[in-house]
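Source file target_6.pdb; content: PDB, C-alpha atoms.
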ATOM      1  CA  MET A 431       0.000   0.000   0.000
ATOM      2  CA  LYS A 432       1.474   3.313  -1.101
ATOM      3  CA  ASN A 433      -0.369   5.411   1.471
ATOM      4  CA  ASP A 434       0.380   3.382   4.596
ATOM      5  CA  PRO A 435       2.613   5.137   7.170
ATOM      6  CA  LEU A 436       5.621   2.897   6.482
ATOM      7  CA  SER A 437       5.524   3.656   2.744
ATOM      8  CA  LEU A 438       4.963   7.373   3.357
ATOM      9  CA  THR A 439       7.883   7.469   5.808
ATOM     10  CA  THR A 440      10.094   5.656   3.320
ATOM     11  CA  GLN A 441       9.177   8.077   0.538
ATOM     12  CA  LYS A 442       9.774  11.169   2.695
ATOM     13  CA  ILE A 443      13.194   9.952   3.834
ATOM     14  CA  LEU A 444      14.238   9.271   0.245
ATOM     15  CA  GLU A 445      13.060  12.762  -0.799
ATOM     16  CA  SER A 446      14.884  14.518   2.064
ATOM     17  CA  GLN A 447      18.562  15.396   2.318
ATOM     18  CA  ARG A 448      18.950  16.892   5.818
ATOM     19  CA  ILE A 449      17.164  14.961   8.568
ATOM     20  CA  VAL A 450      17.019  15.535  12.317
ATOM     21  CA  ILE A 451      15.994  12.867  14.834
ATOM     22  CA  THR A 452      14.862  13.492  18.405
ATOM     23  CA  SER A 453      13.560  11.370  21.275
ATOM     24  CA  HIS A 454      11.273  11.874  24.228
ATOM     25  CA  LEU A 455      12.363  13.561  27.454
ATOM     26  CA  ARG A 456      14.345  11.206  29.701
ATOM     27  CA  PRO A 457      15.247   9.043  26.661
ATOM     28  CA  ASP A 458      15.402   5.287  27.135
ATOM     29  CA  GLY A 459      17.357   2.506  25.455
ATOM     30  CA  ASP A 460      14.850   1.984  22.661
ATOM     31  CA  SER A 461      14.739   5.620  21.535
ATOM     32  CA  ILE A 462      18.511   6.134  22.001
ATOM     33  CA  CYS A 463      19.635   2.990  20.157
ATOM     34  CA  THR A 464      16.993   3.363  17.452
ATOM     35  CA  SER A 465      17.996   6.972  16.760
ATOM     36  CA  LEU A 466      21.604   5.847  16.280
ATOM     37  CA  ALA A 467      20.590   3.009  13.961
ATOM     38  CA  LEU A 468      18.313   5.340  11.995
ATOM     39  CA  ALA A 469      21.102   7.907  11.638
ATOM     40  CA  PHE A 470      23.531   5.309  10.280
ATOM     41  CA  MET A 471      20.858   4.002   7.901
ATOM     42  CA  GLY A 472      20.304   7.534   6.607
ATOM     43  CA  GLU A 473      24.019   8.043   6.084
ATOM     44  CA  LEU A 474      24.193   4.853   4.019
ATOM     45  CA  LEU A 475      21.568   6.476   1.794
ATOM     46  CA  GLY A 476      23.737   9.578   1.424
ATOM     47  CA  LYS A 477      21.667  11.718   3.812
ATOM     48  CA  GLU A 478      22.939  14.233   6.352
ATOM     49  CA  VAL A 479      21.472  13.119   9.676
ATOM     50  CA  GLU A 480      21.731  14.681  13.115
ATOM     51  CA  ILE A 481      20.372  13.438  16.462
ATOM     52  CA  ILE A 482      19.420  16.173  18.923
ATOM     53  CA  ASN A 483      17.768  15.350  22.262
ATOM     54  CA  LYS A 484      16.640  17.773  24.929
ATOM     55  CA  ASP A 485      17.759  15.613  27.871
ATOM     56  CA  ASN A 486      21.114  14.009  28.547
ATOM     57  CA  THR A 487      21.690  10.373  27.675
ATOM     58  CA  PRO A 488      21.261   8.302  30.861
ATOM     59  CA  TYR A 489      23.497   5.574  32.243
ATOM     60  CA  PRO A 490      24.428   2.999  30.974
ATOM     61  CA  PHE A 491      23.673   4.248  27.449
ATOM     62  CA  ASN A 492      26.021   7.226  27.834
ATOM     63  CA  HIS A 493      28.898   4.697  27.631
ATOM     64  CA  PHE A 494      27.601   2.917  24.522
ATOM     65  CA  PRO A 495      29.446   2.902  21.171
ATOM     66  CA  ASN A 496      28.684   5.898  18.874
ATOM     67  CA  ILE A 497      26.868   7.791  21.640
ATOM     68  CA  GLU A 498      28.885  10.903  20.781
ATOM     69  CA  LYS A 499      26.650  11.285  17.707
ATOM     70  CA  ILE A 500      23.803  12.427  19.974
ATOM     71  CA  LYS A 501      23.819  16.176  20.615
ATOM     72  CA  ILE A 502      22.028  17.674  23.600
ATOM     73  CA  GLY A 503      19.987  20.850  23.203
ATOM     74  CA  GLN A 504      17.352  22.441  20.991
ATOM     75  CA  ILE A 505      16.799  21.734  17.307
ATOM     76  CA  PRO A 506      17.234  25.039  15.396
ATOM     77  CA  PRO A 507      14.048  26.531  13.855
ATOM     78  CA  GLN A 508      15.350  25.855  10.354
ATOM     79  CA  GLY A 509      18.063  23.921   8.549
ATOM     80  CA  PHE A 510      16.490  20.471   8.137
ATOM     81  CA  ASP A 511      14.086  19.040   5.555
ATOM     82  CA  MET A 512      12.219  16.984   8.136
ATOM     83  CA  ALA A 513      12.165  15.900  11.777
ATOM     84  CA  ILE A 514      11.593  12.369  13.066
ATOM     85  CA  LEU A 515      10.215  12.154  16.618
ATOM     86  CA  LEU A 516      10.725   8.813  18.357
ATOM     87  CA  GLU A 517       8.263   7.714  21.044
ATOM     88  CA  CYS A 518       6.777  11.184  21.526
ATOM     89  CA  ALA A 519       3.036  11.199  22.268
ATOM     90  CA  ASN A 520       3.061  14.874  21.263
ATOM     91  CA  VAL A 521       5.642  17.518  20.362
ATOM     92  CA  SER A 522       5.934  18.743  23.957
ATOM     93  CA  ARG A 523       7.040  15.245  25.005
ATOM     94  CA  SER A 524      10.227  15.843  23.011
ATOM     95  CA  GLY A 525      11.082  19.040  24.892
ATOM     96  CA  GLN A 526      11.864  20.644  21.527
ATOM     97  CA  GLU A 527      10.563  24.191  21.019
ATOM     98  CA  ASN A 528      11.317  24.946  17.350
ATOM     99  CA  LEU A 529       9.503  22.225  15.398
ATOM    100  CA  ASP A 530       6.406  24.167  14.272
ATOM    101  CA  ASN A 531       7.635  24.777  10.718
ATOM    102  CA  TYR A 532       9.151  21.342  10.165
ATOM    103  CA  PHE A 533       7.625  18.411   8.325
ATOM    104  CA  LYS A 534       7.279  15.905  11.163
ATOM    105  CA  ILE A 535       7.173  12.111  11.278
ATOM    106  CA  ASN A 536       5.721  10.669  14.479
ATOM    107  CA  LEU A 537       7.169   7.184  15.024
ATOM    108  CA  ASP A 538       5.810   5.496  18.138
ATOM    109  CA  HIS A 539       4.669   2.160  19.556
ATOM    110  CA  HIS A 540       2.601   3.438  22.493
ATOM    111  CA  HIS A 541      -1.181   3.477  22.207
ATOM    112  CA  SER A 542      -1.389   6.881  23.942
ATOM    113  CA  ASN A 543      -0.478   9.207  21.060
ATOM    114  CA  ASP A 544      -1.971  12.485  19.803
ATOM    115  CA  TYR A 545      -1.331  11.767  16.077
ATOM    116  CA  TYR A 546       0.028  15.279  15.673
ATOM    117  CA  ALA A 547       2.486  14.941  12.788
ATOM    118  CA  ASP A 548       2.407  15.067   8.997
ATOM    119  CA  ILE A 549       3.009  11.312   8.993
ATOM    120  CA  ASN A 550       1.862   9.311  12.007
ATOM    121  CA  TRP A 551       3.370   5.842  12.071
ATOM    122  CA  VAL A 552       2.064   4.472  15.369
ATOM    123  CA  GLU A 553       1.996   0.714  16.019
ATOM    124  CA  PRO A 554       1.042  -0.228  19.612
ATOM    125  CA  GLU A 555       1.452  -3.901  18.719
ATOM    126  CA  ALA A 556       5.162  -3.412  17.936
ATOM    127  CA  SER A 557       7.594  -4.448  20.659
ATOM    128  CA  ALA A 558       9.762  -1.345  20.176
ATOM    129  CA  VAL A 559      10.420   1.467  17.716
ATOM    130  CA  ALA A 560      13.630  -0.458  16.949
ATOM    131  CA  GLU A 561      11.471  -3.241  15.523
ATOM    132  CA  MET A 562       9.598  -0.705  13.382
ATOM    133  CA  VAL A 563      12.823   0.867  12.125
ATOM    134  CA  TYR A 564      14.103  -2.574  11.118
ATOM    135  CA  ARG A 565      11.103  -2.867   8.805
ATOM    136  CA  LEU A 566      11.797   0.679   7.582
ATOM    137  CA  GLY A 567      15.346  -0.393   6.739
ATOM    138  CA  GLU A 568      13.999  -3.309   4.730
ATOM    139  CA  LYS A 569      11.658  -0.951   2.864
ATOM    140  CA  LEU A 570      14.537   1.463   2.186
ATOM    141  CA  ASP A 571      16.634  -1.485   0.998
ATOM    142  CA  THR A 572      19.509  -0.380   3.224
ATOM    143  CA  ARG A 573      22.319  -2.708   4.257
ATOM    144  CA  PHE A 574      22.112  -3.828   7.891
ATOM    145  CA  THR A 575      25.704  -3.436   9.033
ATOM    146  CA  SER A 576      26.733  -5.040  12.320
ATOM    147  CA  GLN A 577      26.752  -1.516  13.777
ATOM    148  CA  ILE A 578      23.115  -0.883  12.806
ATOM    149  CA  ALA A 579      22.078  -4.410  13.771
ATOM    150  CA  ASN A 580      23.606  -4.071  17.250
ATOM    151  CA  HIS A 581      21.790  -0.807  17.938
ATOM    152  CA  LEU A 582      18.403  -2.144  16.783
ATOM    153  CA  TYR A 583      18.853  -5.394  18.700
ATOM    154  CA  CYS A 584      19.784  -3.406  21.822
ATOM    155  CA  GLY A 585      16.673  -1.240  21.429
ATOM    156  CA  ILE A 586      14.418  -4.294  21.376
ATOM    157  CA  VAL A 587      16.172  -6.086  24.262
ATOM    158  CA  SER A 588      16.077  -2.915  26.359
ATOM    159  CA  ASP A 589      12.397  -2.137  25.772
ATOM    160  CA  THR A 590      11.176  -5.704  26.292
ATOM    161  CA  GLY A 591      13.090  -6.036  29.563
ATOM    162  CA  SER A 592      15.256  -8.723  27.978
ATOM    163  CA  PHE A 593      12.114 -10.362  26.530
ATOM    164  CA  GLN A 594      10.255 -10.396  29.856
ATOM    165  CA  PHE A 595       7.619  -7.676  29.271
ATOM    166  CA  SER A 596       4.207  -8.073  27.656
ATOM    167  CA  ASN A 597       5.338  -6.255  24.490
ATOM    168  CA  THR A 598       7.498  -9.305  23.674
ATOM    169  CA  ASN A 599       5.946 -11.064  20.692
ATOM    170  CA  ALA A 600       6.762 -13.467  17.884
ATOM    171  CA  ARG A 601       7.585 -10.680  15.432
ATOM    172  CA  CYS A 602      10.234  -9.163  17.721
ATOM    173  CA  PHE A 603      11.948 -12.563  17.998
ATOM    174  CA  GLU A 604      11.833 -12.861  14.210
ATOM    175  CA  VAL A 605      13.429  -9.420  13.833
ATOM    176  CA  CYS A 606      16.076 -10.230  16.456
ATOM    177  CA  HIS A 607      16.882 -13.442  14.591
ATOM    178  CA  LYS A 608      17.476 -11.428  11.403
ATOM    179  CA  LEU A 609      19.520  -8.814  13.282
ATOM    180  CA  ILE A 610      21.839 -11.456  14.734
ATOM    181  CA  GLU A 611      22.236 -12.913  11.249
ATOM    182  CA  SER A 612      23.238  -9.390  10.156
ATOM    183  CA  GLY A 613      25.968  -9.210  12.801
ATOM    184  CA  ALA A 614      24.322  -8.166  16.058
ATOM    185  CA  SER A 615      26.043  -9.711  19.078
ATOM    186  CA  SER A 616      23.594 -10.803  21.791
ATOM    187  CA  ILE A 617      26.515 -11.308  24.197
ATOM    188  CA  LYS A 618      27.963  -7.849  23.577
ATOM    189  CA  VAL A 619      24.563  -6.175  24.015
ATOM    190  CA  SER A 620      23.853  -8.105  27.222
ATOM    191  CA  GLU A 621      27.238  -7.095  28.629
ATOM    192  CA  LEU A 622      26.576  -3.431  27.866
ATOM    193  CA  LEU A 623      23.035  -3.484  29.244
ATOM    194  CA  PHE A 624      23.204  -5.771  32.258
ATOM    195  CA  ASN A 625      26.826  -6.346  33.325
ATOM    196  CA  ASN A 626      28.061  -2.798  33.462
ATOM    197  CA  ASN A 627      27.196  -1.743  37.018
ATOM    198  CA  SER A 628      29.389   0.330  39.294
ATOM    199  CA  PRO A 629      29.790  -0.472  43.024
ATOM    200  CA  GLU A 630      27.737   2.681  43.714
ATOM    201  CA  LYS A 631      24.840   1.310  41.655
ATOM    202  CA  ILE A 632      24.760  -1.884  43.737
ATOM    203  CA  LYS A 633      24.795   0.190  46.933
ATOM    204  CA  LEU A 634      21.900   2.248  45.532
ATOM    205  CA  LEU A 635      19.983  -0.945  44.822
ATOM    206  CA  GLY A 636      20.267  -1.904  48.485
ATOM    207  CA  GLN A 637      19.160   1.529  49.679
ATOM    208  CA  VAL A 638      16.118   1.603  47.405
ATOM    209  CA  LEU A 639      15.015  -1.948  48.197
ATOM    210  CA  SER A 640      15.256  -1.137  51.920
ATOM    211  CA  THR A 641      12.341   1.311  51.409
ATOM    212  CA  LEU A 642      10.031  -1.511  50.262
ATOM    213  CA  GLN A 643       6.462  -1.234  51.529
ATOM    214  CA  MET A 644       3.406  -3.325  50.710
ATOM    215  CA  ASN A 645      -0.285  -2.510  50.900
ATOM    216  CA  LYS A 646      -2.444  -4.649  53.191
ATOM    217  CA  LYS A 647      -3.629  -6.906  50.365
ATOM    218  CA  GLY A 648      -0.065  -7.559  49.259
ATOM    219  CA  ASN A 649      -0.836  -6.841  45.594
ATOM    220  CA  ILE A 650       0.909  -3.450  45.429
ATOM    221  CA  ALA A 651       4.569  -2.855  46.262
ATOM    222  CA  MET A 652       6.135   0.591  46.743
ATOM    223  CA  ILE A 653       9.826   1.494  46.613
ATOM    224  CA  THR A 654      11.437   4.942  46.675
ATOM    225  CA  MET A 655      14.617   6.588  45.458
ATOM    226  CA  PHE A 656      15.283   9.926  47.143
ATOM    227  CA  LYS A 657      17.646  12.557  45.773
ATOM    228  CA  LYS A 658      19.794  12.056  48.872
ATOM    229  CA  ASN A 659      20.388   8.441  47.790
ATOM    230  CA  LEU A 660      21.897   9.618  44.530
ATOM    231  CA  ASP A 661      23.760  12.519  46.121
ATOM    232  CA  SER A 662      25.361  10.374  48.828
ATOM    233  CA  LEU A 663      26.763   8.031  46.187
ATOM    234  CA  ASN A 664      27.687  10.866  43.806
ATOM    235  CA  LEU A 665      25.330   9.477  41.170
ATOM    236  CA  ARG A 666      23.443  11.617  38.657
ATOM    237  CA  GLU A 667      22.074   9.495  35.855
ATOM    238  CA  ILE A 668      21.351   5.866  36.700
ATOM    239  CA  ASP A 669      19.388   3.026  35.118
ATOM    240  CA  THR A 670      16.973   1.601  37.687
ATOM    241  CA  GLU A 671      15.121  -0.986  35.613
ATOM    242  CA  ASP A 672      16.685  -3.911  37.467
ATOM    243  CA  ILE A 673      15.595  -2.469  40.830
ATOM    244  CA  ILE A 674      11.944  -2.259  39.872
ATOM    245  CA  THR A 675      12.125  -5.693  38.239
ATOM    246  CA  LEU A 676      13.246  -7.199  41.553
ATOM    247  CA  ALA A 677      10.257  -5.648  43.339
ATOM    248  CA  ARG A 678       7.923  -6.898  40.596
ATOM    249  CA  SER A 679       9.172 -10.443  41.173
ATOM    250  CA  ILE A 680       7.485 -10.602  44.604
ATOM    251  CA  SER A 681       4.796 -13.276  44.659
ATOM    252  CA  ALA A 682       1.206 -11.937  44.481
ATOM    253  CA  VAL A 683       2.340  -8.415  43.519
ATOM    254  CA  GLU A 684       0.316  -7.062  40.604
ATOM    255  CA  MET A 685       1.745  -3.552  40.519
ATOM    256  CA  VAL A 686       4.974  -1.854  41.627
ATOM    257  CA  LEU A 687       5.073   1.892  42.292
ATOM    258  CA  PHE A 688       8.614   3.239  42.130
ATOM    259  CA  TYR A 689       8.736   6.787  43.501
ATOM    260  CA  LYS A 690      11.741   8.762  42.196
ATOM    261  CA  GLU A 691      12.222  12.141  43.830
ATOM    262  CA  ILE A 692      12.853  14.814  41.169
ATOM    263  CA  LYS A 693      12.793  17.789  43.507
ATOM    264  CA  LYS A 694      11.119  18.699  46.787
ATOM    265  CA  ASP A 695       7.557  17.308  46.819
ATOM    266  CA  THR A 696       7.765  16.151  43.178
ATOM    267  CA  PHE A 697       8.062  12.480  42.227
ATOM    268  CA  ARG A 698       8.252  10.559  38.989
ATOM    269  CA  VAL A 699       6.343   7.315  39.618
ATOM    270  CA  SER A 700       7.382   4.379  37.432
ATOM    271  CA  LEU A 701       4.865   1.543  37.195
ATOM    272  CA  ARG A 702       5.574  -2.110  36.463
ATOM    273  CA  SER A 703       2.823  -4.710  36.486
ATOM    274  CA  LYS A 704       2.236  -8.323  35.625
ATOM    275  CA  GLY A 705      -0.689 -10.552  34.759
ATOM    276  CA  GLY A 706      -3.830  -8.654  33.826
ATOM    277  CA  ALA A 707      -2.874  -5.449  35.659
ATOM    278  CA  ASN A 708      -2.707  -2.613  33.127
ATOM    279  CA  ALA A 709       0.038  -0.125  34.047
ATOM    280  CA  ALA A 710      -0.876   2.242  31.179
ATOM    281  CA  PHE A 711      -4.486   2.458  32.434
ATOM    282  CA  ILE A 712      -3.201   3.472  35.875
ATOM    283  CA  ALA A 713      -0.671   5.978  34.495
ATOM    284  CA  GLU A 714      -3.234   7.652  32.246
ATOM    285  CA  HIS A 715      -5.450   8.285  35.285
ATOM    286  CA  PHE A 716      -2.615  10.408  36.698
ATOM    287  CA  GLY A 717      -1.855  12.142  33.383
ATOM    288  CA  GLY A 718       0.930   9.784  32.275
ATOM    289  CA  GLY A 719       1.110   6.881  29.860
ATOM    290  CA  GLY A 720       3.035   3.859  28.677
ATOM    291  CA  HIS A 721       2.631   0.150  27.968
ATOM    292  CA  LEU A 722       0.439  -2.573  29.456
ATOM    293  CA  HIS A 723       3.134  -3.623  31.932
ATOM    294  CA  ALA A 724       5.414  -0.560  31.976
ATOM    295  CA  ALA A 725       4.244   3.035  32.393
ATOM    296  CA  GLY A 726       4.736   6.171  34.469
ATOM    297  CA  PHE A 727       3.473   9.561  35.625
ATOM    298  CA  THR A 728       4.562  12.558  37.704
ATOM    299  CA  VAL A 729       2.910  13.719  40.937
ATOM    300  CA  THR A 730       3.431  16.513  43.429
ATOM    301  CA  GLY A 731       2.710  16.489  47.157
ATOM    302  CA  LYS A 732       4.092  15.462  50.507
ATOM    303  CA  TYR A 733       5.770  12.079  50.337
ATOM    304  CA  ASP A 734       3.964  10.521  53.330
ATOM    305  CA  ARG A 735       0.584  11.508  51.875
ATOM    306  CA  LEU A 736       1.452  10.239  48.383
ATOM    307  CA  MET A 737       2.551   6.895  49.843
ATOM    308  CA  ILE A 738      -0.940   6.466  51.302
ATOM    309  CA  GLU A 739      -3.187   8.071  48.692
ATOM    310  CA  ILE A 740      -1.699   6.760  45.442
ATOM    311  CA  PRO A 741      -1.695   3.030  46.378
ATOM    312  CA  GLU A 742      -5.324   3.408  47.513
ATOM    313  CA  ILE A 743      -6.289   4.933  44.155
ATOM    314  CA  VAL A 744      -4.275   2.305  42.273
ATOM    315  CA  ASP A 745      -6.030  -0.502  44.145
ATOM    316  CA  LYS A 746      -9.437   0.968  43.226
ATOM    317  CA  LEU A 747      -8.360   1.266  39.589
ATOM    318  CA  LEU A 748      -7.170  -2.355  39.593
ATOM    319  CA  LYS A 749     -10.591  -3.421  40.883
ATOM    320  CA  LYS A 750     -12.214  -1.334  38.137
ATOM    321  CA  GLN A 751     -10.025  -3.045  35.547
ATOM    322  CA  ALA A 752     -11.076  -6.438  36.870
ATOM    323  CA  ARG A 753     -14.764  -5.503  36.667
ATOM    324  CA  ILE A 754     -14.376  -4.256  33.092
ATOM    325  CA  LYS A 755     -12.567  -7.446  32.105
ATOM    326  CA  THR A 756     -15.274  -9.592  33.741
ATOM    327  CA  LYS A 757     -18.030  -7.717  31.864
ATOM    328  CA  ASN A 758     -16.164  -8.010  28.559
ATOM    329  CA  ASP A 759     -15.551 -11.716  29.113
ATOM    330  CA  GLN A 760     -19.251 -12.214  29.828
ATOM    331  CA  LYS A 761     -20.225 -10.303  26.672
ATOM    332  CA  LEU A 762     -17.907 -12.567  24.698
ATOM    333  CA  ILE A 763     -19.510 -15.662  26.218
ATOM    334  CA  ASP A 764     -23.018 -14.315  25.536
ATOM    335  CA  SER A 765     -22.138 -13.636  21.900
ATOM    336  CA  TYR A 766     -21.592 -17.337  21.187
TER     337      TYR A 766
END
What is this structure when it is put down as C-alpha cells?
Amino acid sequence: MKNDPLSLTTQKILESQRIVITSHLRPDGDSICTSLALAFMGELLGKEVEIINKDNTPYPFNHFPNIEKIKIGQIPPQGFDMAILLECANVSRSGQENLDNYFKINLDHHHSNDYYADINWVEPEASAVAEMVYRLGEKLDTRFTSQIANHLYCGIVSDTGSFQFSNTNARCFEVCHKLIESGASSIKVSELLFNNNSPEKIKLLGQVLSTLQMNKKGNIAMITMFKKNLDSLNLREIDTEDIITLARSISAVEMVLFYKEIKKDTFRVSLRSKGGANAAFIAEHFGGGGHLHAAGFTVTGKYDRLMIEIPEIVDKLLKKQARIKTKNDQKLIDSY
C-alpha cells in the first residue's frame, strides 16, 4: 500500500537530504539505540542526519558505542528538511521548542499518542520502535551493518526487559533473529546493558530496596529513590530498571510503584505490572502513559501523603479493571 505510514515514511526519507531525529524527554534505550541506527541508515543512503535530544543520555547508554553522535539541546528553527520524533506522544514530550515549521514524522509504539504529525506511524502492537525501524530499513533497501544491527537489537532487548515484558511477541523474535544474522552480538549487548554496574549502583539498589512497603492486600509494592540516595553516592544518571524488576518479582504483587524524587515534593512514579494489571491504564489516570506492563506519571505532594493516597487509588483502579474485564468476558460468552 502506497499510502500506509511505512511507505509514506520511506518516501519522505528518500526525498529529504537533511534529517534531524529526536527522542522523548528522559530518553530510554529503545529511543537512544533506534535513533543511532536510523542515523547510520540515513548516512548509508547519502543523507545528512543529526540526532538532537533535549535531555542528557542516561546511564548505561552514555557509555555505549557511537553515543557521541547524539547532541544535547534544541533543534534550530530551520536547517532540516524533516524531523523524526521517536516515542513522543506529542511535540511537547520531546522538549523541543522549534519544530512548528518542520515536516514531522511521528514514530511510536505506544497506544497513547496524539497523532500530531504530517506522517503518524504508530503501532502499539510493535515491541519497540527499533522493531519498526528494522522494517523501515527493509523498505529502504539499506544494508544492515553489524553496527546498525547491534543498535536495533539493543533497542528491542532494552524495551522488552530482555524479553520479559508483555510487548514481547513473535515478530520481535523474528526481527532479532534477522539482526543477529546481520551481525548483532547478543553477548555484547547483554554485557553493555546488564553487566556494566558500578559499586555505587549496587549500593543504591540496596538503599532503594530497603524502602520496600506493601499494601495490606499484598498486591501493590512501593519502593522509593530519594535525591539524597543519589547525592550520597555521587550518582546523577542511573538506570533503575533492574531495581523495579526485583520488586515486581514478589509473589502476588500485581503492581509496583517506584517513587523517584525529582525535587522537593515532586516524584516521577514508574509503574511495572504483571498478569492482567494494566500499568498504562493506571498511568493515564494520573496524566501519564506507557505500555500494558510498563508506564509512568509525575505527581506533586508530601511524600507521606502520596505513599498512602496513590496506592489506595491504584487498588481501586485495579478493581475497576477487573470488573471491566469480567463484563467483557461475559459479553464474549453471551455472543456465542
Write out as a tab-separated table a residue-level contact list of stretch 431-498 of chain A versus stretch 538-559 of chain A with cut-off 12 Å: for each qualifying residue the closest pair of atoms and the distance in Å to one decimal, counting only C-alpha atoms, rows sorted by chain and residue number upward.
residue	atom	partner	partner_atom	distance
A:Asn433	CA	A:Ile549	CA	10.1
A:Asp434	CA	A:Trp551	CA	8.4
A:Pro435	CA	A:Trp551	CA	5.0
A:Leu436	CA	A:Trp551	CA	6.7
A:Ser437	CA	A:Trp551	CA	9.8
A:Leu438	CA	A:Ile549	CA	7.1
A:Thr439	CA	A:Ile549	CA	7.0
A:Thr440	CA	A:Ile549	CA	10.7
A:Gln441	CA	A:Ile549	CA	11.0
A:Lys442	CA	A:Ile549	CA	9.2
A:Ile443	CA	A:Ile549	CA	11.5
A:Ser453	CA	A:Asp538	CA	10.2
A:His454	CA	A:Asp538	CA	10.4
A:Asp458	CA	A:Ala558	CA	11.1
A:Gly459	CA	A:Ala558	CA	10.0
A:Asp460	CA	A:Ala558	CA	6.6
A:Ser461	CA	A:Val559	CA	7.1
A:Ile462	CA	A:Val559	CA	10.3
A:Cys463	CA	A:Val559	CA	9.7
A:Thr464	CA	A:Val559	CA	6.8
A:Ser465	CA	A:Val559	CA	9.4
A:Ala467	CA	A:Val559	CA	11.0
A:Leu468	CA	A:Val559	CA	10.5
Inset, instruction - Output the residue selection produced by the PyMOL selection byres ((chain A and resi 657) around 8) on the file above, formatted as a ChimeraX atom specification. - result: /A:655-656,658-661,690-693
Inset, instruction - Kindly indicate which residue among A:Gln508, A:Thr575, A:Ser588, A:Ser703 lies nearest to A:Ile449, using all atoms listed in the file for the distances. - result: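 Counting all atoms listed in the file, the residue closest to A:Ile449 is A:Gln508.
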What does the PyMOL selection byres ((chain A and resi 713-719) around 9) select in this file, as a PDB file with C-alpha atoms, in the frame of the given file?
ATOM      1  CA  ALA A 519       3.036  11.199  22.268  1.00  0.00           C
ATOM      2  CA  HIS A 540       2.601   3.438  22.493  1.00  0.00           C
ATOM      3  CA  HIS A 541      -1.181   3.477  22.207  1.00  0.00           C
ATOM      4  CA  SER A 542      -1.389   6.881  23.942  1.00  0.00           C
ATOM      5  CA  VAL A 699       6.343   7.315  39.618  1.00  0.00           C
ATOM      6  CA  SER A 700       7.382   4.379  37.432  1.00  0.00           C
ATOM      7  CA  LEU A 701       4.865   1.543  37.195  1.00  0.00           C
ATOM      8  CA  ASN A 708      -2.707  -2.613  33.127  1.00  0.00           C
ATOM      9  CA  ALA A 709       0.038  -0.125  34.047  1.00  0.00           C
ATOM     10  CA  ALA A 710      -0.876   2.242  31.179  1.00  0.00           C
ATOM     11  CA  PHE A 711      -4.486   2.458  32.434  1.00  0.00           C
ATOM     12  CA  ILE A 712      -3.201   3.472  35.875  1.00  0.00           C
ATOM     13  CA  GLY A 720       3.035   3.859  28.677  1.00  0.00           C
ATOM     14  CA  HIS A 721       2.631   0.150  27.968  1.00  0.00           C
ATOM     15  CA  ALA A 724       5.414  -0.560  31.976  1.00  0.00           C
ATOM     16  CA  ALA A 725       4.244   3.035  32.393  1.00  0.00           C
ATOM     17  CA  GLY A 726       4.736   6.171  34.469  1.00  0.00           C
ATOM     18  CA  PHE A 727       3.473   9.561  35.625  1.00  0.00           C
ATOM     19  CA  THR A 728       4.562  12.558  37.704  1.00  0.00           C
ATOM     20  CA  VAL A 729       2.910  13.719  40.937  1.00  0.00           C
ATOM     21  CA  LEU A 747      -8.360   1.266  39.589  1.00  0.00           C
TER      22      LEU A 747
END
Inset, instruction - To verify the selection step, state as a ChimeraX atom specification which residues the PyMOL selection byres ((chain A and resi 595-609) around 7) yields on this input. - result: /A:557,561,579,583,590-591,593-594,610-614,722-723
Legend entry - Residue nearest A:Ile743 among A:Cys584, A:Ala513, A:Leu687, A:Ile653 (counting all atoms listed in the file): A:Leu687
Inset, instruction - Go ahead and compute the interatomic distance for atom CA of A:Leu665 and atom CA of A:Leu639, in Å to one decimal. - result: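 Going from atom CA of A:Leu665 over to atom CA of A:Leu639, I get 16.9 Å.
The interatomic distance for the pair atom CA of A:Phe624 and atom CA of A:Ser592 works out to 9.5 Å.
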Inset, instruction - Considering all atoms listed in the file, return as a list in words whatever protein or nucleic-acid residues lie within 8 Å of stretch 490-496 of chain A, sequence-local ones (same chain, fewer than 3 positions apart) excluded. - result: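 The contact residues come out as Gly459, Ile462, Leu466, Thr487, Lys499, Leu622, Leu623, Asn626, Ile668 and Asp669 of chain A.
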Inset, instruction - Compare A:Glu498, A:Asp530, A:Asp571, A:Glu630 by their minimum atom-to-atom distance to A:Leu475, counting all atoms listed in the file, and give me the closest one. - result: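 When distances to A:Leu475 are compared using all atoms listed in the file, the smallest one comes from A:Asp571.
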Legend entry - Nearest to A:Glu445, chosen from A:Val638, A:Ile740, A:Met512, A:Ile617, with all atoms listed in the file counted in the distances: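 Smallest distance to A:Glu445 is found for A:Met512.
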Take stretch 468-475 of chain A, model N, CA and C atoms, and hand the result over as a PDB file, in the coordinates of the input.
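Result file is selection28.pdb:
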ATOM      1  N   LEU A 468      18.977   4.575  13.051  1.00  0.00           N
ATOM      2  CA  LEU A 468      18.313   5.340  11.995  1.00  0.00           C
ATOM      3  C   LEU A 468      19.268   6.340  11.354  1.00  0.00           C
ATOM      4  N   ALA A 469      20.112   6.953  12.167  1.00  0.00           N
ATOM      5  CA  ALA A 469      21.102   7.907  11.638  1.00  0.00           C
ATOM      6  C   ALA A 469      22.093   7.204  10.711  1.00  0.00           C
ATOM      7  N   PHE A 470      22.580   6.039  11.119  1.00  0.00           N
ATOM      8  CA  PHE A 470      23.531   5.309  10.280  1.00  0.00           C
ATOM      9  C   PHE A 470      22.862   4.803   9.000  1.00  0.00           C
ATOM     10  N   MET A 471      21.596   4.417   9.095  1.00  0.00           N
ATOM     11  CA  MET A 471      20.858   4.002   7.901  1.00  0.00           C
ATOM     12  C   MET A 471      20.732   5.166   6.923  1.00  0.00           C
ATOM     13  N   GLY A 472      20.413   6.350   7.454  1.00  0.00           N
ATOM     14  CA  GLY A 472      20.304   7.534   6.607  1.00  0.00           C
ATOM     15  C   GLY A 472      21.609   7.870   5.923  1.00  0.00           C
ATOM     16  N   GLU A 473      22.709   7.741   6.659  1.00  0.00           N
ATOM     17  CA  GLU A 473      24.019   8.043   6.084  1.00  0.00           C
ATOM     18  C   GLU A 473      24.376   7.073   4.967  1.00  0.00           C
ATOM     19  N   LEU A 474      23.965   5.810   5.104  1.00  0.00           N
ATOM     20  CA  LEU A 474      24.193   4.853   4.019  1.00  0.00           C
ATOM     21  C   LEU A 474      23.444   5.252   2.755  1.00  0.00           C
ATOM     22  N   LEU A 475      22.351   5.990   2.930  1.00  0.00           N
ATOM     23  CA  LEU A 475      21.568   6.476   1.794  1.00  0.00           C
ATOM     24  C   LEU A 475      22.086   7.816   1.273  1.00  0.00           C
TER      25      LEU A 475
END
